[in-house]
file model27.txt (compact mmCIF, C-alpha atoms and all ligand atoms)
# COMPACT_ATOMS: atom_id res chain seq x y z
CA MET A 2 0.00 0.00 0.00
CA THR A 3 1.22 3.52 -0.72
CA GLN A 4 2.22 5.44 2.38
CA LYS A 5 -0.38 7.97 3.54
CA ILE A 6 0.47 11.65 3.44
CA GLN A 7 -0.41 13.58 6.57
CA ALA A 8 -1.09 17.23 7.33
CA ILE A 9 1.86 19.34 8.45
CA ARG A 10 2.46 19.41 12.21
CA GLY A 11 0.65 22.31 13.85
CA MET A 12 -1.68 22.79 10.88
CA ASN A 13 -5.15 21.41 11.51
CA ASP A 14 -8.08 20.20 9.49
CA VAL A 15 -11.55 21.28 10.56
CA LEU A 16 -13.76 18.25 9.94
CA PRO A 17 -17.51 18.25 9.18
CA ALA A 18 -18.32 17.21 12.74
CA ASP A 19 -16.87 20.53 13.99
CA SER A 20 -17.28 22.89 11.07
CA HIS A 21 -20.83 23.89 12.01
CA GLN A 22 -19.42 25.26 15.24
CA TRP A 23 -16.94 27.37 13.28
CA GLU A 24 -19.77 28.60 11.07
CA TYR A 25 -21.83 29.54 14.10
CA PHE A 26 -18.88 31.49 15.53
CA GLU A 27 -18.04 33.17 12.21
CA ASN A 28 -21.66 34.25 11.72
CA ILE A 29 -21.67 35.95 15.12
CA LEU A 30 -18.38 37.66 14.23
CA ARG A 31 -19.72 38.97 10.90
CA GLY A 32 -22.90 40.35 12.49
CA TRP A 33 -20.88 41.97 15.25
CA LEU A 34 -18.44 43.68 12.85
CA ALA A 35 -21.31 44.96 10.70
CA ASP A 36 -22.98 46.43 13.80
CA TYR A 37 -19.92 48.65 14.33
CA GLY A 38 -19.61 49.72 10.69
CA TYR A 39 -16.44 47.78 9.87
CA GLN A 40 -15.77 46.78 6.28
CA ASN A 41 -14.02 43.63 5.16
CA ILE A 42 -10.60 43.76 3.46
CA ARG A 43 -8.99 40.67 1.89
CA THR A 44 -5.28 40.66 1.21
CA PRO A 45 -2.95 37.92 -0.08
CA ILE A 46 -1.59 35.31 2.30
CA VAL A 47 1.92 35.80 0.89
CA GLU A 48 3.75 39.14 1.04
CA GLU A 49 7.30 40.32 0.54
CA THR A 50 9.38 39.38 3.59
CA ARG A 51 10.61 42.94 4.07
CA LEU A 52 7.02 44.11 4.71
CA PHE A 53 6.95 42.10 7.94
CA VAL A 54 10.53 42.91 8.93
CA ARG A 55 9.85 46.61 8.51
CA SER A 56 6.51 46.68 10.33
CA ILE A 57 6.73 44.01 13.04
CA GLY A 58 10.38 44.78 13.81
CA GLU A 59 13.70 42.98 13.40
CA VAL A 60 14.09 41.97 17.04
CA THR A 61 10.76 40.29 17.70
CA ASP A 62 9.89 36.64 18.21
CA ILE A 63 7.95 36.62 14.97
CA VAL A 64 10.69 37.98 12.73
CA GLU A 65 13.58 36.34 14.57
CA LYS A 66 12.29 32.80 14.51
CA GLU A 67 8.64 32.29 13.58
CA MET A 68 8.22 33.30 9.95
CA TYR A 69 7.72 30.87 7.09
CA SER A 70 9.91 32.55 4.51
CA PHE A 71 11.04 31.18 1.17
CA THR A 72 12.68 32.31 -2.01
CA ASP A 73 10.52 32.72 -5.07
CA SER A 74 12.40 30.47 -7.46
CA LEU A 75 11.35 32.54 -10.46
CA ASN A 76 12.92 35.84 -9.45
CA GLY A 77 14.75 35.27 -6.18
CA ASP A 78 12.43 37.49 -4.10
CA SER A 79 12.12 36.61 -0.42
CA LEU A 80 8.45 35.94 0.36
CA THR A 81 6.71 35.10 3.66
CA LEU A 82 3.43 33.48 4.66
CA ARG A 83 1.74 36.22 6.67
CA PRO A 84 2.31 35.80 10.43
CA GLU A 85 -0.27 38.50 11.30
CA GLY A 86 -2.78 40.72 9.54
CA THR A 87 -1.90 44.34 10.24
CA ALA A 88 1.14 44.62 7.95
CA GLY A 89 -0.68 43.35 4.85
CA THR A 90 -3.78 45.42 5.59
CA LEU A 91 -1.76 48.62 5.93
CA ARG A 92 0.28 47.77 2.85
CA ALA A 93 -2.98 47.54 0.90
CA VAL A 94 -4.37 50.74 2.45
CA VAL A 95 -1.25 52.67 1.43
CA GLU A 96 -1.01 51.03 -2.00
CA HIS A 97 -4.64 51.87 -2.84
CA ASN A 98 -4.65 55.26 -1.15
CA LEU A 99 -7.63 54.39 1.07
CA LEU A 100 -6.81 57.15 3.55
CA TYR A 101 -7.02 59.95 0.99
CA ASN A 102 -9.49 62.35 2.63
CA ALA A 103 -10.96 59.42 4.52
CA THR A 104 -10.83 57.34 7.66
CA GLN A 105 -11.26 53.58 7.57
CA ARG A 106 -12.72 50.91 9.82
CA LEU A 107 -11.51 47.60 8.38
CA TRP A 108 -11.65 43.95 9.37
CA TYR A 109 -10.00 40.79 8.06
CA MET A 110 -10.29 37.12 8.91
CA GLY A 111 -8.12 34.25 7.81
CA PRO A 112 -5.15 31.97 8.38
CA MET A 113 -1.82 33.19 9.80
CA PHE A 114 1.43 31.20 9.91
CA ARG A 115 4.08 31.05 12.62
CA HIS A 116 6.75 28.44 13.15
CA GLU A 117 6.12 27.80 16.84
CA ARG A 118 6.10 24.71 19.02
CA PRO A 119 2.57 23.34 18.59
CA GLN A 120 0.54 22.88 21.78
CA LYS A 121 -3.00 23.53 22.97
CA GLY A 122 -3.96 26.99 21.71
CA ARG A 123 -0.71 27.42 19.76
CA TYR A 124 -0.48 26.23 16.18
CA ARG A 125 1.60 26.82 13.06
CA GLN A 126 -1.42 27.68 10.96
CA PHE A 127 -4.00 29.45 13.07
CA HIS A 128 -6.79 31.91 12.34
CA GLN A 129 -7.26 35.48 13.37
CA ILE A 130 -9.96 38.00 13.03
CA GLY A 131 -8.64 41.50 13.33
CA ILE A 132 -9.69 45.09 12.89
CA GLU A 133 -7.81 48.26 11.99
CA ALA A 134 -9.30 51.71 12.67
CA LEU A 135 -7.27 54.21 10.66
CA GLY A 136 -7.19 57.99 10.76
CA PHE A 137 -8.51 58.35 14.33
CA ALA A 138 -6.23 59.87 16.94
CA GLY A 139 -8.24 58.63 19.93
CA PRO A 140 -8.72 58.07 22.76
CA ASP A 141 -12.44 57.80 21.90
CA ILE A 142 -11.89 55.16 19.21
CA ASP A 143 -9.59 53.32 21.63
CA ALA A 144 -12.54 53.14 24.03
CA GLU A 145 -14.97 52.15 21.27
CA ILE A 146 -12.72 49.19 20.46
CA ILE A 147 -12.85 48.10 24.10
CA LEU A 148 -16.65 48.47 24.09
CA MET A 149 -16.79 46.46 20.88
CA THR A 150 -14.67 43.59 22.15
CA ALA A 151 -16.53 43.50 25.47
CA ASP A 152 -19.77 43.30 23.48
CA LEU A 153 -18.45 40.28 21.56
CA TRP A 154 -17.78 38.34 24.77
CA LYS A 155 -21.38 39.02 25.79
CA ARG A 156 -22.71 37.81 22.45
CA LEU A 157 -20.65 34.62 22.80
CA GLY A 158 -21.58 34.02 26.45
CA LEU A 159 -17.96 34.44 27.54
CA ALA A 160 -18.17 37.73 29.48
CA ASP A 161 -17.33 36.00 32.77
CA SER A 162 -14.41 34.05 31.31
CA VAL A 163 -12.15 36.88 30.18
CA GLU A 164 -10.37 39.78 31.83
CA LEU A 165 -9.27 43.04 30.24
CA GLN A 166 -5.73 44.30 30.83
CA LEU A 167 -4.62 47.79 29.83
CA ASN A 168 -1.34 49.61 29.57
CA THR A 169 0.22 52.53 27.75
CA LEU A 170 3.53 52.48 25.91
CA GLY A 171 3.76 56.27 25.56
CA ASN A 172 5.45 57.84 22.57
CA LYS A 173 8.83 57.20 20.99
CA ASP A 174 10.83 59.69 23.08
CA GLU A 175 9.28 58.51 26.31
CA ARG A 176 10.06 54.93 25.40
CA ALA A 177 13.65 55.89 24.60
CA ALA A 178 14.15 57.56 27.98
CA HIS A 179 12.62 54.62 29.78
CA ARG A 180 14.66 52.19 27.72
CA GLU A 181 17.88 53.80 28.88
CA ALA A 182 16.86 53.51 32.52
CA LEU A 183 15.68 49.95 31.99
CA ILE A 184 18.93 48.83 30.37
CA ALA A 185 20.92 50.35 33.23
CA TYR A 186 18.70 48.52 35.74
CA LEU A 187 18.91 45.19 33.91
CA GLU A 188 22.69 45.53 33.61
CA ARG A 189 22.84 45.75 37.39
CA HIS A 190 20.95 42.42 37.56
CA HIS A 191 22.71 40.80 34.62
CA ASP A 192 23.67 37.58 36.51
CA MET A 193 20.07 36.85 37.32
CA LEU A 194 18.72 37.14 33.79
CA ASP A 195 17.95 34.03 31.76
CA GLU A 196 19.28 33.43 28.27
CA ASP A 197 16.41 35.24 26.52
CA GLY A 198 16.78 38.15 28.92
CA LYS A 199 20.50 38.50 28.23
CA ARG A 200 19.93 38.28 24.51
CA ARG A 201 17.24 40.95 24.59
CA LEU A 202 18.92 43.24 27.09
CA TYR A 203 20.15 45.66 24.42
CA SER A 204 18.03 44.73 21.43
CA ASN A 205 14.57 44.79 23.02
CA PRO A 206 14.75 45.36 26.78
CA LEU A 207 11.01 45.99 27.12
CA ARG A 208 10.44 42.40 26.03
CA VAL A 209 12.59 41.19 28.93
CA LEU A 210 9.74 42.36 31.16
CA ASP A 211 7.29 40.32 29.11
CA THR A 212 8.99 37.06 30.15
CA LYS A 213 6.95 34.05 31.21
CA ASN A 214 9.85 32.81 33.39
CA PRO A 215 8.65 32.87 37.04
CA ALA A 216 12.25 33.20 38.30
CA LEU A 217 12.41 36.68 36.78
CA GLN A 218 9.16 38.00 38.22
CA GLU A 219 10.78 39.83 41.12
CA ILE A 220 13.36 41.60 38.99
CA CYS A 221 10.70 42.57 36.51
CA ASN A 222 8.33 43.84 39.16
CA ALA A 223 10.95 46.18 40.55
CA ALA A 224 12.14 47.45 37.15
CA PRO A 225 11.66 51.09 36.14
CA ARG A 226 8.16 51.59 34.83
CA LEU A 227 7.35 53.28 31.57
CA THR A 228 4.41 55.03 33.23
CA ASP A 229 6.91 57.07 35.26
CA TYR A 230 8.37 58.45 32.02
CA LEU A 231 5.17 59.60 30.38
CA GLY A 232 4.74 63.23 29.37
CA ASP A 233 1.51 65.22 29.72
CA GLU A 234 0.11 64.30 26.35
CA SER A 235 0.58 60.55 26.70
CA ARG A 236 -0.74 60.67 30.24
CA ALA A 237 -3.84 62.55 29.09
CA HIS A 238 -4.43 60.02 26.30
CA TYR A 239 -4.20 57.13 28.74
CA GLU A 240 -6.36 58.80 31.38
CA GLY A 241 -8.93 59.79 28.72
CA TRP A 242 -9.10 56.21 27.51
CA LYS A 243 -9.56 54.80 31.00
CA ALA A 244 -12.17 57.42 31.91
CA MET A 245 -14.32 56.40 28.95
CA ILE A 246 -13.95 52.70 29.74
CA ASP A 247 -14.92 53.46 33.34
CA GLY A 248 -17.90 55.42 32.06
CA LEU A 249 -18.99 52.45 29.97
CA GLY A 250 -18.92 50.28 33.08
CA ILE A 251 -16.31 47.89 31.70
CA ARG A 252 -13.95 46.39 34.25
CA TYR A 253 -10.20 46.17 33.65
CA VAL A 254 -6.89 45.82 35.40
CA GLU A 255 -3.87 47.92 34.61
CA ASN A 256 -0.83 45.84 33.79
CA PRO A 257 2.31 47.95 33.54
CA ARG A 258 4.17 44.90 32.23
CA LEU A 259 1.97 44.50 29.18
CA VAL A 260 4.25 45.37 26.26
CA ARG A 261 3.01 43.33 23.26
CA GLY A 262 5.42 41.40 21.10
CA LEU A 263 5.36 43.59 18.00
CA ASP A 264 7.44 46.73 17.62
CA TYR A 265 4.86 48.95 16.00
CA TYR A 266 2.77 49.69 19.08
CA ASN A 267 2.64 52.99 20.97
CA GLN A 268 0.26 54.59 23.54
CA SER A 269 -2.80 52.39 24.25
CA VAL A 270 -2.27 48.62 24.38
CA PHE A 271 -4.62 45.96 25.72
CA GLU A 272 -5.19 42.25 26.00
CA TRP A 273 -8.23 40.14 26.84
CA VAL A 274 -6.96 37.14 28.76
CA THR A 275 -8.46 34.03 30.27
CA THR A 276 -7.06 31.76 32.94
CA GLU A 277 -8.86 28.80 31.44
CA LEU A 278 -6.53 27.88 28.60
CA GLY A 279 -3.26 27.39 30.48
CA ALA A 280 -0.30 29.39 29.20
CA GLN A 281 -2.09 30.32 25.96
CA GLY A 282 -4.37 32.72 27.79
CA THR A 283 -4.45 35.75 25.49
CA VAL A 284 -7.51 35.55 23.25
CA CYS A 285 -7.45 39.09 21.85
CA ALA A 286 -4.62 41.60 21.77
CA GLY A 287 -4.09 44.97 20.25
CA GLY A 288 -3.14 48.58 20.51
CA ARG A 289 -2.26 51.81 18.82
CA TYR A 290 0.36 52.04 16.04
CA ASP A 291 0.48 55.70 15.09
CA GLY A 292 3.74 55.59 13.13
CA LEU A 293 3.10 52.50 11.05
CA VAL A 294 1.24 53.94 8.06
CA GLU A 295 4.08 56.42 7.54
CA GLN A 296 6.67 53.70 8.05
CA LEU A 297 5.08 51.78 5.19
CA GLY A 298 5.28 54.77 2.86
CA GLY A 299 1.89 56.41 3.44
CA LYS A 300 1.05 59.90 4.60
CA PRO A 301 1.19 59.92 8.43
CA ALA A 302 -2.06 58.65 9.92
CA PRO A 303 -2.88 57.30 13.37
CA GLY A 304 -4.13 53.77 13.73
CA ILE A 305 -5.32 51.23 16.27
CA GLY A 306 -6.34 47.61 15.95
CA PHE A 307 -6.37 44.15 17.45
CA GLY A 308 -5.98 40.52 16.47
CA MET A 309 -8.01 37.71 17.98
CA GLY A 310 -6.94 34.05 17.91
CA LEU A 311 -10.02 32.17 16.73
CA GLU A 312 -8.82 28.73 17.85
CA ARG A 313 -8.33 30.04 21.39
CA VAL A 314 -11.82 31.54 21.49
CA MET A 315 -13.19 28.27 20.09
CA LEU A 316 -11.43 26.31 22.85
CA LEU A 317 -13.00 28.62 25.38
CA LEU A 318 -16.44 28.27 23.79
CA GLN A 319 -16.06 24.49 23.94
CA GLU A 320 -14.86 24.53 27.53
CA LYS A 321 -17.82 26.72 28.56
CA ASN A 322 -20.36 24.74 26.55
CA ARG A 323 -21.37 27.77 24.54
CA LEU A 324 -21.56 26.05 21.14
CA PRO A 325 -24.77 24.79 19.54
CA ALA A 326 -25.28 21.08 18.91
CA SER A 327 -25.39 20.20 15.25
CA ARG A 328 -28.74 21.37 13.88
CA GLY A 329 -29.02 18.94 10.99
CA VAL A 330 -31.33 19.40 7.99
CA ASP A 331 -35.10 19.78 8.02
CA VAL A 332 -35.86 16.78 5.87
CA TYR A 333 -34.29 13.45 4.89
CA LEU A 334 -36.12 12.20 1.80
CA VAL A 335 -36.54 8.42 1.89
CA GLN A 336 -37.45 6.83 -1.43
CA GLN A 337 -37.72 3.36 -2.93
CA GLY A 338 -39.46 1.64 -5.85
CA ALA A 339 -40.27 2.25 -9.51
CA GLY A 340 -40.44 5.96 -10.35
CA ALA A 341 -39.53 7.00 -6.80
CA PRO A 342 -36.04 8.50 -7.39
CA LEU A 343 -37.22 11.13 -9.87
CA TYR A 344 -40.49 11.75 -7.98
CA ALA A 345 -38.47 12.31 -4.80
CA MET A 346 -36.01 14.62 -6.50
CA GLN A 347 -38.82 16.81 -7.82
CA LEU A 348 -40.45 16.84 -4.38
CA ALA A 349 -37.11 17.77 -2.77
CA ALA A 350 -36.75 20.68 -5.19
CA SER A 351 -40.20 22.02 -4.25
CA LEU A 352 -39.45 21.68 -0.52
CA ARG A 353 -36.20 23.63 -0.92
CA ALA A 354 -38.11 26.27 -2.87
CA ALA A 355 -40.42 26.49 0.17
CA GLY A 356 -37.39 27.24 2.37
CA LEU A 357 -36.60 23.81 3.81
CA SER A 358 -33.20 22.08 3.74
CA VAL A 359 -33.40 18.58 2.31
CA ILE A 360 -31.06 15.61 1.93
CA GLN A 361 -32.41 13.28 -0.71
CA HIS A 362 -31.44 9.63 -0.31
CA CYS A 363 -29.38 8.67 -3.34
CA GLY A 364 -28.68 5.07 -4.38
CA GLU A 365 -30.16 1.81 -3.14
CA GLY A 366 -31.20 0.90 0.40
CA SER A 367 -34.13 -0.63 2.27
CA PHE A 368 -36.66 1.68 3.97
CA LYS A 369 -35.23 0.54 7.29
CA SER A 370 -31.64 1.44 6.46
CA GLN A 371 -32.73 4.78 4.95
CA MET A 372 -34.69 5.61 8.11
CA LYS A 373 -31.53 4.93 10.13
CA LYS A 374 -29.65 7.42 7.96
CA ALA A 375 -32.45 9.95 8.39
CA ASP A 376 -32.15 9.64 12.15
CA GLY A 377 -28.34 9.62 12.14
CA CYS A 378 -28.00 12.85 10.15
CA GLY A 379 -30.11 14.77 12.65
CA ALA A 380 -32.99 15.52 10.27
CA GLN A 381 -36.17 16.88 11.86
CA PHE A 382 -38.45 14.95 9.49
CA ALA A 383 -38.36 11.95 7.20
CA VAL A 384 -40.46 12.36 4.08
CA ILE A 385 -41.10 8.90 2.63
CA VAL A 386 -42.15 7.96 -0.90
CA GLY A 387 -42.67 4.45 -2.29
CA GLU A 388 -44.57 3.05 -5.26
CA ASN A 389 -47.96 3.73 -3.60
CA GLU A 390 -47.16 7.39 -3.00
CA VAL A 391 -45.92 7.80 -6.57
CA ALA A 392 -49.15 6.27 -7.87
CA ASN A 393 -51.37 8.47 -5.63
CA ALA A 394 -49.33 11.71 -5.84
CA THR A 395 -48.80 11.73 -2.03
CA ALA A 396 -45.95 11.47 0.49
CA VAL A 397 -45.62 10.35 4.11
CA VAL A 398 -44.40 13.00 6.57
CA LYS A 399 -42.84 11.46 9.68
CA PRO A 400 -41.58 13.72 12.50
CA LEU A 401 -38.31 12.31 13.92
CA ARG A 402 -37.77 14.55 16.96
CA LEU A 403 -41.27 15.64 18.00
CA GLU A 404 -44.08 13.70 19.69
CA ALA A 405 -46.40 13.79 16.65
CA ALA A 406 -47.97 11.13 14.44
CA GLN A 407 -46.92 10.56 10.85
CA GLU A 408 -49.32 11.75 8.13
CA THR A 409 -49.91 10.83 4.52
CA VAL A 410 -50.61 14.03 2.57
CA ALA A 411 -51.00 15.24 -1.00
CA LEU A 412 -47.78 16.19 -2.75
CA ALA A 413 -48.65 19.89 -2.75
CA ALA A 414 -49.28 19.83 1.02
CA VAL A 415 -45.95 18.36 2.21
CA ALA A 416 -44.18 21.65 2.91
CA GLU A 417 -47.12 23.20 4.79
CA THR A 418 -47.61 19.99 6.82
CA ILE A 419 -43.98 20.17 7.97
CA THR A 420 -44.32 23.84 8.83
CA ARG A 421 -47.54 23.17 10.78
CA ILE A 422 -46.09 20.28 12.81
CA LYS A 423 -42.91 22.29 13.56
CA ALA A 424 -44.98 25.18 14.90
P1 LIG B 501 1.52 34.80 22.47
O1 LIG B 501 2.09 35.66 23.52
O2 LIG B 501 0.46 33.86 22.97
O3 LIG B 501 2.57 34.11 21.63
P2 LIG B 501 1.41 36.92 20.55
O4 LIG B 501 1.71 38.13 21.33
O5 LIG B 501 2.47 36.30 19.73
O6 LIG B 501 0.73 35.80 21.48
P3 LIG B 501 -0.23 38.36 18.64
O7 LIG B 501 0.82 38.46 17.63
O8 LIG B 501 -0.61 39.55 19.41
O9 LIG B 501 0.12 37.17 19.65
O10 LIG B 501 -1.54 37.73 17.97
C1 LIG B 501 -2.86 38.03 18.41
C2 LIG B 501 -3.58 36.80 18.90
O11 LIG B 501 -3.46 35.72 17.98
C3 LIG B 501 -3.05 36.22 20.19
O12 LIG B 501 -3.52 36.93 21.26
C4 LIG B 501 -3.59 34.82 20.14
O13 LIG B 501 -4.96 34.81 20.51
C5 LIG B 501 -3.47 34.49 18.68
N1 LIG B 501 -2.25 33.71 18.39
C6 LIG B 501 -0.98 34.17 18.26
N2 LIG B 501 -0.14 33.18 17.95
C7 LIG B 501 -0.90 32.05 17.86
C8 LIG B 501 -0.63 30.67 17.53
N3 LIG B 501 0.61 30.27 17.22
N4 LIG B 501 -1.66 29.80 17.54
C9 LIG B 501 -2.92 30.19 17.84
N5 LIG B 501 -3.24 31.47 18.14
C10 LIG B 501 -2.26 32.38 18.15
MG MG B 502 3.78 34.67 20.03

call {"tool": "encode", "arguments": {"input": "model27.txt", "output": "structure tokens"}}
result
Amino acid sequence: MTQKIQAIRGMNDVLPADSHQWEYFENILRGWLADYGYQNIRTPIVEETRLFVRSIGEVTDIVEKEMYSFTDSLNGDSLTLRPEGTAGTLRAVVEHNLLYNATQRLWYMGPMFRHERPQKGRYRQFHQIGIEALGFAGPDIDAEIILMTADLWKRLGLADSVELQLNTLGNKDERAAHREALIAYLERHHDMLDEDGKRRLYSNPLRVLDTKNPALQEICNAAPRLTDYLGDESRAHYEGWKAMIDGLGIRYVENPRLVRGLDYYNQSVFEWVTTELGAQGTVCAGGRYDGLVEQLGGKPAPGIGFGMGLERVMLLLQEKNRLPASRGVDVYLVQQGAGAPLYAMQLAASLRAAGLSVIQHCGEGSFKSQMKKADGCGAQFAVIVGENEVANATAVVKPLRLEAAQETVALAAVAETITRIKA
């Protein structure tokens, strides 16, 4: 036998038994985004590598070690499977001049690729939904985004399972001043740093504070805080943001150690986290990136957005039992005997035209085995036709999930009989 080929590690299939749950979730997401006036943007999955290096930043986990990059054998270009959605979205916005005399509220959804160690909630192909609000200086839009995400948790029945964390990263100069103080502090504790910490000490000291190593907690807790280096404007932005969130009655905790792993962030940053998925607790993360449009060659424009890991939210929905059971179709059409296949197919067409979903039995099979299939697929009704029904222009309507008797009715009355019994 030929050896079977398997999916790539960390890249998952969604099988029919689970896909209805994804569809349920995606439908809620689409309705939610529409309610806030966001418009969909679809960009390629592959971009030039330098787009990600320039936007995400050279010294980040993603660019240092997680990107799937390859050389285009036709022209030698370095290309990369997108590891996140903001870079491509902003590339498209700049390329197509979407901010000319305009602001934009955009959303995207789709697969992202990172070469990480696969584990629960961490995959090599995963899916994100994300938004980008462009041309708004905030902090009102920053608060609207918090309102919007909080609303989603309510719609999904997860409001009690997630916690909001906020921080501010200030502006460039404030970060530079803090960085200097932080490096000096970390140098004084050099012996106690782990390997990652030593490596990042000069390249990305803020990320040292973002460590998940419990041995470093104490050092990190006592490190100079960026909040102590904020000027009036940054402070006002942060306070304005928090005041609106307070006014909306949304609870949060301030986490001065929240830095985000991508270089493009400034001012407002936030994460929605859960304690119910182990170490992979961040389900939605975002912040402001005011310099990024300019950095990608556009006219300067402020921006803020977030990315949400769909697999992690799905895990949470499963854990909390917030997903619908498979609904199945309305009708399984059981048919046997001379003339029955065509008769049944015409009947099925008229039922679909009346708004019902129908699986028609195709091929051979006894009534008994067809009824088993009808039950197994979760259909609400079996509609049964044999030679008698064909001869009399009737069909048998048999409810499979309700306490109601089966009825033999005229062909033209099948749809209304089903609707009546259902009601
Ligand atoms: P983490 O700290 O968990 O590695 P991150 O900071 O790298 O997350 P972002 O780049 O901010 O994550 O991506 C936004 C969201 O996408 C995350 O909060 C998470 O929900 C999800 N996500 C990121 N990486 C993965 C992955 N490898 N598998 C599944 N979901 C992921
Ligand atoms: Mg990561």

call {"tool": "residues_near_ligand", "arguments": {"input": "model27.txt", "ligand": "ligand MG 502 (chain B)", "cutoff": "12 Å", "atoms": "all atoms listed in the file", "output": "ChimeraX atom specification"}}
result
/A:61-68,84-85,113-119,122-125,127,208,211-213,261-263,280-284,286,308,310

call {"tool": "write_last_selection", "arguments": {"input": "model27.txt", "atoms": "C-alpha atoms", "output": "PDB file, in the coordinates of the input"}}
result
ATOM      1  CA  THR A  61      10.760  40.290  17.700  1.00  0.00           C
ATOM      2  CA  ASP A  62       9.890  36.640  18.210  1.00  0.00           C
ATOM      3  CA  ILE A  63       7.950  36.620  14.970  1.00  0.00           C
ATOM      4  CA  VAL A  64      10.690  37.980  12.730  1.00  0.00           C
ATOM      5  CA  GLU A  65      13.580  36.340  14.570  1.00  0.00           C
ATOM      6  CA  LYS A  66      12.290  32.800  14.510  1.00  0.00           C
ATOM      7  CA  GLU A  67       8.640  32.290  13.580  1.00  0.00           C
ATOM      8  CA  MET A  68       8.220  33.300   9.950  1.00  0.00           C
ATOM      9  CA  PRO A  84       2.310  35.800  10.430  1.00  0.00           C
ATOM     10  CA  GLU A  85      -0.270  38.500  11.300  1.00  0.00           C
ATOM     11  CA  MET A 113      -1.820  33.190   9.800  1.00  0.00           C
ATOM     12  CA  PHE A 114       1.430  31.200   9.910  1.00  0.00           C
ATOM     13  CA  ARG A 115       4.080  31.050  12.620  1.00  0.00           C
ATOM     14  CA  HIS A 116       6.750  28.440  13.150  1.00  0.00           C
ATOM     15  CA  GLU A 117       6.120  27.800  16.840  1.00  0.00           C
ATOM     16  CA  ARG A 118       6.100  24.710  19.020  1.00  0.00           C
ATOM     17  CA  PRO A 119       2.570  23.340  18.590  1.00  0.00           C
ATOM     18  CA  GLY A 122      -3.960  26.990  21.710  1.00  0.00           C
ATOM     19  CA  ARG A 123      -0.710  27.420  19.760  1.00  0.00           C
ATOM     20  CA  TYR A 124      -0.480  26.230  16.180  1.00  0.00           C
ATOM     21  CA  ARG A 125       1.600  26.820  13.060  1.00  0.00           C
ATOM     22  CA  PHE A 127      -4.000  29.450  13.070  1.00  0.00           C
ATOM     23  CA  ARG A 208      10.440  42.400  26.030  1.00  0.00           C
ATOM     24  CA  ASP A 211       7.290  40.320  29.110  1.00  0.00           C
ATOM     25  CA  THR A 212       8.990  37.060  30.150  1.00  0.00           C
ATOM     26  CA  LYS A 213       6.950  34.050  31.210  1.00  0.00           C
ATOM     27  CA  ARG A 261       3.010  43.330  23.260  1.00  0.00           C
ATOM     28  CA  GLY A 262       5.420  41.400  21.100  1.00  0.00           C
ATOM     29  CA  LEU A 263       5.360  43.590  18.000  1.00  0.00           C
ATOM     30  CA  ALA A 280      -0.300  29.390  29.200  1.00  0.00           C
ATOM     31  CA  GLN A 281      -2.090  30.320  25.960  1.00  0.00           C
ATOM     32  CA  GLY A 282      -4.370  32.720  27.790  1.00  0.00           C
ATOM     33  CA  THR A 283      -4.450  35.750  25.490  1.00  0.00           C
ATOM     34  CA  VAL A 284      -7.510  35.550  23.250  1.00  0.00           C
ATOM     35  CA  ALA A 286      -4.620  41.600  21.770  1.00  0.00           C
ATOM     36  CA  GLY A 308      -5.980  40.520  16.470  1.00  0.00           C
ATOM     37  CA  GLY A 310      -6.940  34.050  17.910  1.00  0.00           C
TER      38      GLY A 310
END

call {"tool": "closest_residue", "arguments": {"input": "model27.txt", "among": "A:Val47, A:Ala405, A:Ala394, A:Leu334", "to": "Ser70 of chain A", "atoms": "all atoms listed in the file"}}
result
A:Val47

call {"tool": "residues_around", "arguments": {"input": "model27.txt", "residues": "Lys399 of chain A", "least_positions_apart": "6", "cutoff": "8 Å", "atoms": "only C-alpha atoms", "output": "list in words"}}
result
Phe382, Ala383, Val384, Ile385, Ala406, Gln407 and Glu408 of chain A

call {"tool": "write_last_selection", "arguments": {"input": "model27.txt", "atoms": "C-alpha atoms", "output": "short mmCIF file (atom, residue, chain, number, x, y, z; two decimals), in the frame of the given file"}}
result
data_model
loop_
_atom_site.label_atom_id
_atom_site.label_comp_id
_atom_site.auth_asym_id
_atom_site.auth_seq_id
_atom_site.Cartn_x
_atom_site.Cartn_y
_atom_site.Cartn_z
CA PHE A 382 -38.45 14.95 9.49
CA ALA A 383 -38.36 11.95 7.20
CA VAL A 384 -40.46 12.36 4.08
CA ILE A 385 -41.10 8.90 2.63
CA ALA A 406 -47.97 11.13 14.44
CA GLN A 407 -46.92 10.56 10.85
CA GLU A 408 -49.32 11.75 8.13
#

call {"tool": "atom_distance", "arguments": {"input": "model27.txt", "atom1": "atom CA of Gly250 of chain A", "atom2": "atom CA of Ile142 of chain A"}}
result
16.3 Å

call {"tool": "residues_around", "arguments": {"input": "model27.txt", "residues": "His128 of chain A", "least_positions_apart": "5", "cutoff": "8 Å", "atoms": "only C-alpha atoms", "output": "list in words"}}
result
Met110, Gly111, Pro112, Met113, Gly310, Leu311 and Glu312 of chain A

call {"tool": "residues_around", "arguments": {"input": "model27.txt", "residues": "Val415 of chain A", "least_positions_apart": "5", "cutoff": "8 Å", "atoms": "all atoms listed in the file", "output": "PyMOL selection string"}}
result
chain A and resi 352+396+398+410

call {"tool": "atom_distance", "arguments": {"input": "model27.txt", "atom1": "atom CA of Pro303 of chain A", "atom2": "atom CA of Leu135 of chain A"}}
result
6.0 Å

call {"tool": "atom_distance", "arguments": {"input": "model27.txt", "atom1": "atom CA of Ser20 of chain A", "atom2": "atom CA of Lys5 of chain A"}}
result
23.8 Å

call {"tool": "residues_near_point", "arguments": {"input": "model27.txt", "point": "(-17.0, 33.4, 36.8)", "cutoff": "12 Å", "atoms": "all atoms listed in the file", "output": "list in words"}}
result
Gly158, Leu159, Ala160, Asp161, Ser162, Val163, Glu164, Thr275, Thr276, Glu277 and Lys321 of chain A
